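Asker: Next comes start00.txt, compact mmCIF, C-alpha atoms and all ligand atoms:
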# COMPACT_ATOMS: atom_id res chain seq x y z
CA MET A 13 10.04 -113.61 -28.23
CA SER A 14 13.51 -114.97 -27.79
CA GLN A 15 12.86 -117.75 -25.25
CA SER A 16 9.98 -119.53 -23.61
CA LEU A 17 7.68 -117.23 -21.68
CA LYS A 18 6.35 -118.59 -18.38
CA ILE A 19 2.88 -117.28 -17.68
CA LEU A 20 1.27 -117.97 -14.32
CA ILE A 21 -2.51 -117.62 -14.53
CA VAL A 22 -4.62 -117.11 -11.39
CA ALA A 23 -8.23 -118.27 -10.93
CA GLY A 24 -10.05 -118.05 -7.62
CA ALA A 25 -13.80 -117.62 -7.80
CA ARG A 26 -16.63 -118.59 -10.13
CA PRO A 27 -16.57 -115.52 -12.40
CA ASN A 28 -12.83 -116.03 -12.99
CA PHE A 29 -13.14 -119.42 -14.63
CA MET A 30 -14.75 -118.22 -17.87
CA LYS A 31 -11.99 -115.59 -18.10
CA VAL A 32 -9.03 -117.98 -17.72
CA ALA A 33 -10.45 -120.72 -19.99
CA PRO A 34 -9.85 -118.77 -23.24
CA LEU A 35 -6.28 -117.94 -22.17
CA MET A 36 -5.43 -121.60 -21.48
CA LYS A 37 -6.97 -122.65 -24.81
CA CYS A 38 -5.21 -119.93 -26.75
CA ILE A 39 -1.82 -120.80 -25.24
CA ALA A 40 -2.33 -124.48 -26.14
CA ARG A 41 -3.36 -123.53 -29.70
CA ARG A 42 -0.34 -121.26 -30.17
CA ASN A 43 2.06 -123.87 -28.84
CA ALA A 44 0.54 -126.57 -31.07
CA SER A 45 0.89 -124.46 -34.21
CA ALA A 46 4.34 -122.97 -33.43
CA PRO A 47 7.08 -124.27 -35.76
CA SER A 48 9.22 -126.91 -34.06
CA GLY A 49 12.16 -125.49 -32.17
CA SER A 50 10.46 -122.12 -31.76
CA PRO A 51 9.86 -120.70 -28.28
CA ARG A 52 6.88 -121.85 -26.25
CA LEU A 53 4.44 -120.21 -23.86
CA THR A 54 4.56 -122.15 -20.59
CA PRO A 55 1.32 -121.77 -18.62
CA VAL A 56 1.05 -122.53 -14.91
CA LEU A 57 -2.55 -122.49 -13.65
CA VAL A 58 -3.05 -121.60 -9.99
CA HIS A 59 -6.47 -122.05 -8.33
CA THR A 60 -6.55 -120.19 -5.04
CA GLY A 61 -9.53 -122.24 -3.83
CA GLN A 62 -11.60 -119.12 -2.96
CA HIS A 63 -14.56 -121.02 -4.41
CA TYR A 64 -14.45 -124.72 -3.71
CA ASP A 65 -17.96 -126.26 -4.00
CA HIS A 66 -18.39 -128.55 -7.03
CA LYS A 67 -21.19 -126.27 -8.31
CA MET A 68 -19.12 -123.11 -7.80
CA SER A 69 -15.83 -124.39 -9.22
CA GLU A 70 -15.21 -127.90 -10.57
CA ILE A 71 -18.22 -127.97 -12.90
CA PHE A 72 -16.80 -124.89 -14.66
CA PHE A 73 -13.43 -126.58 -15.17
CA GLN A 74 -15.21 -129.57 -16.71
CA GLU A 75 -17.59 -127.60 -18.93
CA LEU A 76 -15.01 -125.07 -20.07
CA GLY A 77 -12.35 -127.72 -20.70
CA ILE A 78 -9.86 -126.04 -18.36
CA PRO A 79 -7.01 -128.38 -17.43
CA ALA A 80 -6.76 -129.30 -13.74
CA PRO A 81 -4.87 -126.54 -11.90
CA ASP A 82 -1.14 -127.12 -11.54
CA ILE A 83 -1.38 -125.70 -8.02
CA ASN A 84 -4.37 -125.35 -5.68
CA LEU A 85 -3.92 -123.13 -2.64
CA GLY A 86 -7.18 -124.38 -1.08
CA VAL A 87 -7.86 -121.18 0.89
CA GLY A 88 -11.68 -121.51 1.12
CA SER A 89 -14.02 -118.99 2.77
CA GLY A 90 -13.25 -116.44 5.47
CA SER A 91 -13.48 -112.74 6.22
CA HIS A 92 -11.98 -110.50 3.54
CA ALA A 93 -8.79 -110.02 5.54
CA VAL A 94 -8.41 -113.72 6.28
CA GLN A 95 -9.16 -114.83 2.72
CA THR A 96 -6.87 -112.22 1.16
CA ALA A 97 -4.05 -112.94 3.61
CA GLN A 98 -4.29 -116.68 3.05
CA VAL A 99 -4.11 -116.29 -0.72
CA MET A 100 -1.09 -113.98 -0.29
CA THR A 101 0.74 -116.39 2.01
CA GLY A 102 0.19 -119.34 -0.30
CA PHE A 103 0.86 -117.43 -3.50
CA GLU A 104 4.15 -115.94 -2.34
CA GLY A 105 5.66 -119.43 -2.06
CA VAL A 106 4.34 -120.33 -5.52
CA CYS A 107 5.93 -117.23 -7.08
CA LEU A 108 9.27 -117.80 -5.39
CA GLU A 109 9.33 -121.37 -6.64
CA GLN A 110 7.94 -120.80 -10.13
CA ARG A 111 9.64 -117.46 -10.98
CA PRO A 112 7.19 -116.63 -13.79
CA ASP A 113 7.81 -113.99 -16.46
CA TRP A 114 4.22 -112.82 -16.10
CA VAL A 115 1.38 -113.34 -13.64
CA VAL A 116 -2.06 -112.86 -15.18
CA VAL A 117 -4.93 -111.97 -12.85
CA VAL A 118 -8.53 -111.54 -13.98
CA GLY A 119 -11.60 -109.71 -12.69
CA ASP A 120 -12.04 -108.16 -9.28
CA VAL A 121 -12.28 -110.86 -6.62
CA ASN A 122 -10.20 -111.16 -3.45
CA SER A 123 -7.78 -113.55 -5.20
CA THR A 124 -7.10 -110.87 -7.85
CA ILE A 125 -5.94 -108.22 -5.38
CA ALA A 126 -4.09 -110.73 -3.18
CA CYS A 127 -1.93 -112.14 -5.99
CA THR A 128 -1.25 -108.68 -7.44
CA LEU A 129 0.02 -107.42 -4.08
CA VAL A 130 2.37 -110.40 -3.74
CA CYS A 131 3.84 -109.82 -7.21
CA ALA A 132 4.26 -106.07 -6.69
CA LYS A 133 6.44 -106.77 -3.64
CA LEU A 134 8.43 -109.52 -5.36
CA GLY A 135 9.01 -107.49 -8.53
CA ILE A 136 7.13 -109.97 -10.74
CA ARG A 137 5.20 -108.44 -13.59
CA VAL A 138 1.40 -108.60 -13.45
CA ALA A 139 -1.10 -108.23 -16.25
CA HIS A 140 -4.71 -107.49 -15.21
CA VAL A 141 -7.39 -108.73 -17.59
CA GLU A 142 -10.60 -106.69 -17.20
CA ALA A 143 -8.73 -103.64 -15.93
CA GLY A 144 -10.19 -100.16 -15.61
CA LEU A 145 -13.77 -100.99 -14.61
CA ARG A 146 -15.10 -98.65 -11.93
CA SER A 147 -18.44 -98.46 -10.13
CA TYR A 148 -17.20 -95.44 -8.13
CA ASP A 149 -18.75 -97.14 -5.10
CA ARG A 150 -16.16 -98.03 -2.48
CA ALA A 151 -18.76 -99.82 -0.39
CA MET A 152 -18.34 -102.67 -2.90
CA PRO A 153 -15.46 -104.95 -1.97
CA GLU A 154 -14.82 -105.51 -5.68
CA GLU A 155 -14.24 -101.75 -6.23
CA ILE A 156 -11.42 -101.77 -3.67
CA ASN A 157 -9.99 -104.84 -5.41
CA ARG A 158 -10.15 -103.11 -8.82
CA LEU A 159 -8.51 -99.89 -7.60
CA VAL A 160 -5.61 -101.60 -5.84
CA THR A 161 -5.04 -104.14 -8.60
CA ASP A 162 -4.92 -101.44 -11.28
CA ALA A 163 -2.66 -99.21 -9.17
CA LEU A 164 -0.09 -102.02 -8.94
CA ALA A 165 -0.37 -104.07 -12.14
CA ASP A 166 2.16 -103.43 -14.92
CA LEU A 167 -0.13 -104.09 -17.86
CA LEU A 168 -3.80 -103.06 -17.77
CA LEU A 169 -5.81 -104.99 -20.36
CA THR A 170 -9.20 -103.34 -20.72
CA PRO A 171 -12.54 -104.60 -22.11
CA SER A 172 -13.97 -101.28 -23.39
CA GLU A 173 -13.11 -97.62 -24.03
CA ASP A 174 -14.81 -96.44 -20.82
CA ALA A 175 -12.26 -98.48 -18.86
CA ASN A 176 -9.40 -96.70 -20.68
CA ASP A 177 -11.01 -93.35 -19.80
CA ASN A 178 -11.25 -94.31 -16.12
CA LEU A 179 -7.57 -95.25 -16.03
CA ARG A 180 -6.50 -92.04 -17.81
CA ARG A 181 -8.50 -90.02 -15.27
CA GLU A 182 -6.49 -91.76 -12.54
CA GLY A 183 -3.28 -90.65 -14.24
CA VAL A 184 -2.22 -94.06 -15.56
CA ALA A 185 0.37 -93.81 -18.33
CA GLU A 186 -0.86 -94.83 -21.81
CA SER A 187 2.03 -97.29 -22.07
CA ARG A 188 0.43 -99.46 -19.35
CA ILE A 189 -3.01 -99.61 -21.02
CA ARG A 190 -4.15 -101.92 -23.87
CA LEU A 191 -7.72 -102.20 -25.08
CA VAL A 192 -8.16 -105.94 -25.76
CA GLY A 193 -11.95 -106.49 -25.53
CA ASN A 194 -14.14 -108.65 -23.35
CA ILE A 195 -12.67 -112.05 -22.56
CA MET A 196 -15.97 -113.36 -21.11
CA ILE A 197 -17.32 -113.28 -24.63
CA ASP A 198 -14.53 -115.60 -25.86
CA SER A 199 -15.92 -118.29 -23.56
CA LEU A 200 -19.50 -117.49 -24.49
CA VAL A 201 -18.86 -117.82 -28.22
CA ASP A 202 -16.83 -120.98 -27.71
CA ASN A 203 -19.57 -122.64 -25.65
CA LEU A 204 -22.66 -121.53 -27.54
CA ASP A 205 -23.36 -124.86 -29.26
CA GLN A 206 -23.19 -126.75 -25.99
CA ALA A 207 -25.32 -124.13 -24.21
CA ARG A 208 -27.95 -124.53 -26.92
CA ARG A 209 -28.11 -128.27 -26.21
CA SER A 210 -28.81 -127.66 -22.48
CA LYS A 211 -32.00 -129.23 -21.12
CA ILE A 212 -32.33 -126.78 -18.21
CA LEU A 213 -35.59 -125.23 -19.49
CA GLU A 214 -37.31 -128.63 -19.75
CA SER A 215 -35.91 -129.79 -16.39
CA HIS A 216 -37.54 -126.86 -14.63
CA SER A 217 -40.67 -126.68 -16.80
CA VAL A 218 -40.14 -123.16 -18.13
CA GLN A 219 -40.82 -122.02 -21.70
CA ARG A 220 -38.57 -119.95 -23.94
CA ASP A 221 -39.21 -116.21 -23.66
CA ALA A 222 -41.62 -116.76 -20.78
CA TYR A 223 -39.59 -116.77 -17.56
CA ILE A 224 -37.40 -114.45 -15.52
CA TYR A 225 -33.87 -115.62 -14.79
CA VAL A 226 -32.73 -114.27 -11.40
CA THR A 227 -29.27 -114.29 -9.81
CA LEU A 228 -28.51 -112.22 -6.69
CA HIS A 229 -25.57 -112.49 -4.34
CA ARG A 230 -24.01 -109.04 -3.75
CA PRO A 231 -23.47 -108.19 -0.06
CA SER A 232 -25.40 -104.91 -0.59
CA ASN A 233 -28.51 -106.91 -1.58
CA VAL A 234 -28.29 -110.07 0.49
CA ASP A 235 -26.27 -109.35 3.62
CA HIS A 236 -28.96 -107.25 5.36
CA ARG A 237 -32.18 -108.79 6.54
CA GLU A 238 -34.43 -105.92 5.38
CA SER A 239 -33.13 -105.72 1.84
CA LEU A 240 -33.12 -109.49 1.43
CA ALA A 241 -36.68 -109.72 2.80
CA ALA A 242 -37.83 -106.95 0.41
CA ILE A 243 -36.18 -108.74 -2.54
CA MET A 244 -37.73 -112.11 -1.70
CA ALA A 245 -41.18 -110.49 -1.27
CA ALA A 246 -40.82 -108.76 -4.66
CA LEU A 247 -39.82 -112.02 -6.35
CA GLU A 248 -42.76 -113.79 -4.78
CA ARG A 249 -45.14 -111.11 -6.14
CA LEU A 250 -43.51 -111.23 -9.55
CA SER A 251 -43.82 -114.99 -9.74
CA HIS A 252 -47.64 -114.72 -9.72
CA ASP A 253 -47.40 -113.26 -13.23
CA TYR A 254 -44.21 -114.83 -14.66
CA PRO A 255 -42.33 -117.95 -13.63
CA VAL A 256 -39.11 -117.01 -11.85
CA LEU A 257 -36.06 -119.30 -12.00
CA PHE A 258 -33.55 -118.42 -9.29
CA PRO A 259 -30.37 -120.54 -8.99
CA MET A 260 -29.31 -119.43 -5.54
CA HIS A 261 -25.73 -118.52 -4.67
CA PRO A 262 -24.50 -120.15 -1.43
CA ARG A 263 -24.04 -116.71 0.13
CA THR A 264 -27.72 -115.82 -0.47
CA ARG A 265 -28.94 -119.21 0.76
CA LYS A 266 -26.84 -118.93 3.92
CA MET A 267 -28.20 -115.42 4.66
CA LEU A 268 -31.80 -116.62 4.25
CA GLU A 269 -31.18 -119.56 6.55
CA ASP A 270 -29.20 -117.61 9.17
CA SER A 271 -31.78 -114.80 9.33
CA GLY A 272 -34.59 -117.28 9.99
CA MET A 273 -36.46 -116.39 6.77
CA GLY A 274 -35.73 -119.76 5.20
CA VAL A 275 -35.69 -120.60 1.50
CA ARG A 276 -39.34 -120.63 0.40
CA ALA A 277 -39.74 -121.91 -3.13
CA THR A 278 -43.09 -122.35 -4.89
CA ASP A 279 -44.14 -123.83 -8.25
CA SER A 280 -43.60 -120.49 -9.93
CA LEU A 281 -40.76 -119.17 -7.75
CA LYS A 282 -38.27 -121.91 -8.56
CA ILE A 283 -35.29 -121.66 -6.23
CA ILE A 284 -32.65 -124.13 -7.31
CA GLU A 285 -28.97 -124.93 -6.68
CA PRO A 286 -26.32 -122.90 -8.60
CA VAL A 287 -26.29 -123.95 -12.26
CA GLY A 288 -23.29 -124.72 -14.48
CA TYR A 289 -21.98 -122.49 -17.24
CA HIS A 290 -23.85 -124.02 -20.19
CA ASP A 291 -27.15 -123.99 -18.32
CA SER A 292 -26.62 -120.38 -17.29
CA LEU A 293 -25.89 -119.30 -20.87
CA CYS A 294 -28.99 -121.16 -22.04
CA LEU A 295 -31.14 -119.49 -19.37
CA THR A 296 -29.76 -116.06 -20.32
CA GLU A 297 -30.31 -116.51 -24.05
CA HIS A 298 -33.93 -117.63 -23.67
CA ALA A 299 -35.19 -115.58 -20.69
CA ARG A 300 -37.75 -112.85 -21.29
CA LEU A 301 -35.78 -110.91 -18.70
CA VAL A 302 -32.66 -111.34 -16.58
CA LEU A 303 -32.77 -109.80 -13.09
CA THR A 304 -29.32 -109.78 -11.53
CA ASP A 305 -26.60 -108.07 -9.54
CA SER A 306 -23.79 -110.00 -11.28
CA GLY A 307 -21.26 -108.29 -13.55
CA GLY A 308 -20.95 -111.27 -15.86
CA LEU A 309 -24.68 -111.63 -16.44
CA GLN A 310 -24.99 -107.96 -17.42
CA GLU A 311 -22.41 -108.68 -20.14
CA GLU A 312 -23.83 -112.01 -21.27
CA SER A 313 -27.35 -110.49 -21.49
CA THR A 314 -25.94 -107.70 -23.62
CA TYR A 315 -24.34 -110.24 -25.96
CA PHE A 316 -27.65 -112.15 -26.33
CA ARG A 317 -29.57 -108.84 -26.48
CA THR A 318 -31.82 -110.21 -23.72
CA PRO A 319 -33.33 -107.41 -21.57
CA CYS A 320 -31.55 -107.19 -18.21
CA LEU A 321 -32.48 -105.30 -15.04
CA THR A 322 -29.57 -104.88 -12.64
CA LEU A 323 -30.58 -104.52 -9.01
CA ARG A 324 -27.81 -102.10 -8.06
CA PRO A 325 -27.42 -98.31 -7.81
CA ASN A 326 -24.43 -98.37 -10.19
CA THR A 327 -22.53 -100.54 -12.62
CA GLU A 328 -18.84 -100.76 -13.47
CA ARG A 329 -19.96 -101.94 -16.91
CA PRO A 330 -21.73 -98.81 -18.27
CA VAL A 331 -21.46 -99.98 -21.87
CA THR A 332 -24.08 -102.64 -21.05
CA VAL A 333 -26.49 -99.75 -20.34
CA THR A 334 -25.47 -97.23 -23.03
CA LEU A 335 -25.20 -99.78 -25.86
CA GLY A 336 -26.46 -103.05 -24.44
CA SER A 337 -29.71 -104.40 -23.02
CA ASN A 338 -29.13 -103.47 -19.38
CA LYS A 339 -30.92 -101.00 -17.07
CA LEU A 340 -30.29 -100.28 -13.40
CA THR A 341 -33.26 -100.84 -11.12
CA THR A 342 -34.34 -100.71 -7.47
CA ILE A 343 -36.89 -102.71 -5.52
CA GLY A 344 -39.13 -99.59 -5.59
CA SER A 345 -39.02 -99.20 -9.38
CA LEU A 346 -38.93 -102.90 -10.27
CA THR A 347 -42.61 -103.27 -11.20
CA GLN A 348 -42.55 -100.23 -13.50
CA ASP A 349 -39.24 -101.30 -15.07
CA LEU A 350 -40.64 -104.76 -15.69
CA HIS A 351 -43.69 -103.41 -17.47
CA ASP A 352 -41.41 -101.25 -19.61
CA VAL A 353 -39.38 -104.32 -20.57
CA PHE A 354 -42.48 -106.30 -21.51
CA ARG A 355 -43.69 -103.46 -23.75
CA ARG A 356 -40.42 -103.47 -25.69
CA PRO A 357 -39.13 -106.01 -28.25
CA ARG A 358 -37.75 -109.33 -27.07
CA ARG A 359 -34.21 -108.52 -28.26
CA ILE A 360 -32.77 -105.07 -27.55
CA GLY A 361 -29.48 -103.17 -27.65
CA GLU A 362 -26.24 -103.71 -29.52
CA VAL A 363 -23.13 -105.82 -28.93
CA PRO A 364 -20.12 -103.56 -28.13
CA SER A 365 -17.07 -103.71 -30.35
CA LEU A 366 -14.26 -106.14 -29.43
CA TRP A 367 -16.79 -108.47 -27.79
CA ASP A 368 -15.89 -110.77 -30.64
CA GLY A 369 -14.46 -113.98 -29.16
CA ARG A 370 -10.83 -113.05 -29.97
CA THR A 371 -9.76 -111.25 -26.81
CA ALA A 372 -7.47 -114.03 -25.52
CA ASP A 373 -5.34 -113.70 -28.67
CA ARG A 374 -4.97 -109.97 -28.06
CA VAL A 375 -4.04 -110.60 -24.41
CA LEU A 376 -1.30 -113.03 -25.43
CA ASP A 377 -0.07 -110.66 -28.15
CA ALA A 378 0.32 -107.95 -25.49
CA LEU A 379 2.22 -110.28 -23.13
CA VAL A 380 4.54 -111.52 -25.88
CA LEU A 381 5.14 -107.99 -27.17
CA CYS A 382 6.16 -106.79 -23.72
CA GLY A 383 8.44 -109.84 -23.58
CA ARG A 384 10.32 -111.16 -20.59
C1 LIG A 401 -17.16 -113.66 -4.71
C2 LIG A 401 -16.57 -112.35 -5.24
C3 LIG A 401 -17.60 -111.64 -6.11
C4 LIG A 401 -18.15 -112.55 -7.18
C5 LIG A 401 -18.69 -113.81 -6.53
C6 LIG A 401 -19.26 -114.78 -7.54
C7 LIG A 401 -14.97 -111.20 -3.76
C8 LIG A 401 -14.80 -110.06 -2.86
N1 LIG A 401 -16.23 -111.44 -4.17
O1 LIG A 401 -18.22 -113.32 -3.84
O2 LIG A 401 -16.99 -110.52 -6.72
O3 LIG A 401 -19.20 -111.89 -7.87
O4 LIG A 401 -17.62 -114.44 -5.82
O5 LIG A 401 -19.71 -115.92 -6.91
O6 LIG A 401 -14.01 -111.87 -4.10
N2 LIG A 401 -19.43 -120.36 -0.36
C9 LIG A 401 -19.74 -121.68 -0.52
N3 LIG A 401 -19.09 -122.39 -1.49
C10 LIG A 401 -18.15 -121.84 -2.28
C11 LIG A 401 -17.83 -120.47 -2.10
C12 LIG A 401 -18.48 -119.75 -1.16
O7 LIG A 401 -20.59 -122.21 0.17
O8 LIG A 401 -17.60 -122.55 -3.15
C13 LIG A 401 -20.15 -119.57 0.65
C14 LIG A 401 -19.40 -119.39 1.94
O9 LIG A 401 -20.30 -119.43 2.99
C15 LIG A 401 -18.83 -117.99 1.84
C16 LIG A 401 -19.89 -117.29 1.00
O10 LIG A 401 -20.41 -118.28 0.13
O11 LIG A 401 -18.62 -117.40 3.07
C17 LIG A 401 -19.34 -116.14 0.19
O12 LIG A 401 -18.20 -116.55 -0.58
P1 LIG A 401 -17.00 -115.52 -0.88
O13 LIG A 401 -15.97 -116.19 -1.72
O14 LIG A 401 -16.57 -114.88 0.37
O15 LIG A 401 -17.68 -114.37 -1.72
P2 LIG A 401 -18.82 -114.40 -2.81
O16 LIG A 401 -20.04 -113.80 -2.23
O17 LIG A 401 -18.95 -115.73 -3.47
Could you show the structure in this file as structure tokens?
Answerer:
Amino acid sequence: MSQSLKILIVAGARPNFMKVAPLMKCIARRNASAPSGSPRLTPVLVHTGQHYDHKMSEIFFQELGIPAPDINLGVGSGSHAVQTAQVMTGFEGVCLEQRPDWVVVVGDVNSTIACTLVCAKLGIRVAHVEAGLRSYDRAMPEEINRLVTDALADLLLTPSEDANDNLRREGVAESRIRLVGNIMIDSLVDNLDQARRSKILESHSVQRDAYIYVTLHRPSNVDHRESLAAIMAALERLSHDYPVLFPMHPRTRKMLEDSGMGVRATDSLKIIEPVGYHDSLCLTEHARLVLTDSGGLQEESTYFRTPCLTLRPNTERPVTVTLGSNKLTTIGSLTQDLHDVFRRPRRIGEVPSLWDGRTADRVLDALVLCGR
């Protein structure tokens, strides 16, 4: 590296924050230990404002020790077209003013695709962290975001070998692909001590290894009245046998309210507000079972070797099934799948390689190596 490298890092929605935190920390660490007079990495953190509630955004900045964003586009909610367009409009001005050497986007949310598109048109280089994941289900908005982002980004930084295979099948040149590992796990490892001090179990009167931790927010599960009603009925039945703790995403809550079903919690079906990062890690480590449709929770369960049932017909994270503790399920097969889980040991599966807490270093190595 001959001069300072300006790296603009984009965060938009809740699952992005645990992916940018390790990058910000690693840049600060490298700058602090660089010999005086040697070139610096200059980070610029941009929050698009896709998620804006305290419980969906700010709490993660506080818990993960992410510095306040240098720029907040404040786009908020909207249809996909509106949200994507607003991020693009705001981000174009930022790029023209900042002229970064690299833009780093993470994950698969609308902010990821929007910022990548802007850079592709401006000729600014983009690195995509968590590239190459595919569910092969284009009904998922995230799949469209992944495909377009990976088609346009210059450097595709992948979490696992299956992602490299997907990209090769799409004809991506090897020179654009780097296997760096799973950056979510950097945050997990870094926050484990604090997660283990969480009081969330006591606050909601659940015992270690004796509750089900539920998170559900995917449009395919919650945006249609029938599927949401079937899910809520299944959770209610389940809760007769095992306490269920369900921190509810605002999207799910809104759908329940708008459809007239209402949010009906009981003593054993505990429906609570979204929880912070440390509480969520604590709930995942100590649950007897995680039931989810989130990508991040499939990975975190695999790290803790906590059994996970994913309420989806597919996953873009197959390594969590082949090696890890995850299994796909449906409302129809849920009861049987649950009994199978309870017959098996408390901890199952293996942690994939390069889920080692050092991915941010490998990301920065790749950016520095590719230079300005
Ligand atoms: C987004 C991501 C999804 C990710 C999820 C995690 C896309 C396409 N989807 O979905 O991949 O798994 O975040 O949360 O980018 N809302 C609030 N407060 C907020 C944010 C949202 O109340 O801070 C409500 C709004 O009513 C909004 C709805 O939740 O319309 C959905 O938010 P949106 O950002 O559109 O998508 P998510 O479902 O959160």
Asker: Could you check the closest approach to Gly119 (chain A) for each of A:Pro27, A:Pro81, A:Gly88, A:Pro171 and tell me which residue wins, using all atoms listed in the file?
Answerer: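 Comparing A:Pro27, A:Pro81, A:Gly88, A:Pro171 against Gly119 (chain A), the winner is A:Pro27.
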Asker: Write out as an MDAnalysis selection string the residues lying within 12 Å of Val192 (chain A), counting all atoms listed in the file and excluding same-chain residues fewer than 2 positions away.
Answerer: chainID A and resid 140:144 167:173 175:176 189:190 194:198 365:379
Asker: Kindly work out which residues sit at most 6 Å from ligand LIG 401 (chain A), using all atoms listed in the file, and give the list as a list in words.
Answerer: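 Result of the 6 Å neighbour search around ligand LIG 401 (chain A): Ala25, Arg26, Pro27, Gln62, His63, Tyr64, Asp65, Met68, Ser89, Gly90, Val121, Asn122, Pro153, Glu154, Pro262 and Arg263 of chain A.
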Asker: What does the distance between CA of Val99 (chain A) and CA of Val118 (chain A) come to in Å, to one decimal place?
Answerer: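 According to the coordinates, CA of Val99 (chain A) and CA of Val118 (chain A) are separated by 14.8 Å.
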Asker: Using all atoms listed in the file, can you tell me which of A:Arg137, A:Thr264, A:Ala242, A:Arg249 comes closest to His229 (chain A)?
Answerer: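 Closest to His229 (chain A) of all the choices is A:Thr264.
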Asker: For CA of Leu321 (chain A) and CA of Gly344 (chain A), determine how far apart the two atoms are, in Å to one decimal place.
Answerer: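 A separation of 12.9 Å between them.
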Asker: As an exercise, work out the distance from CA of Glu248 (chain A) to CA of Ala222 (chain A) in Å and give it to one decimal place.
Answerer: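 CA of Glu248 (chain A) sits 16.3 Å away from CA of Ala222 (chain A).
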Asker: Identify, on the basis of all atoms listed in the file, every residue whose closest approach to region 315-320 of chain A does not exceed 6 Å; exclude the query and any residue fewer than 2 positions from it along the same chain; express the result as a list in words.
Answerer: Glu297, Leu301, Val302, Leu303, Glu312, Ser313, Ser337, Asn338, Arg359, Ile360, Gly361 and Val363 of chain A
Asker: Mind checking which residues fall within 9 Å of Asn178 (chain A), counting all atoms listed in the file, ignoring those fewer than 4 positions away in the same chain, and posting them as JSON, numbers by chain?
Answerer: {"A": [144, 145, 146, 173, 174, 182, 183]}
Asker: Which is closest to His252 (chain A) among A:Arg237, A:Ser271, A:Thr278, A:Asn28, if we use all atoms listed in the file?
Answerer: A:Thr278
Asker: Which of these, A:Leu335, A:Ile125, A:Ala163, A:Leu350, has the shortest distance to Thr314 (chain A) once you count only C-alpha atoms?
Answerer: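 Among the listed residues, the smallest separation from Thr314 (chain A) belongs to A:Leu335.
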Asker: Using all atoms listed in the file, which residues sit within 10 Å of Leu134 (chain A) once same-chain residues fewer than 6 positions away are excluded, as a list in words?
Answerer: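 The residues that qualify are Glu104, Cys107, Leu108, Arg111 and Thr128 of chain A.
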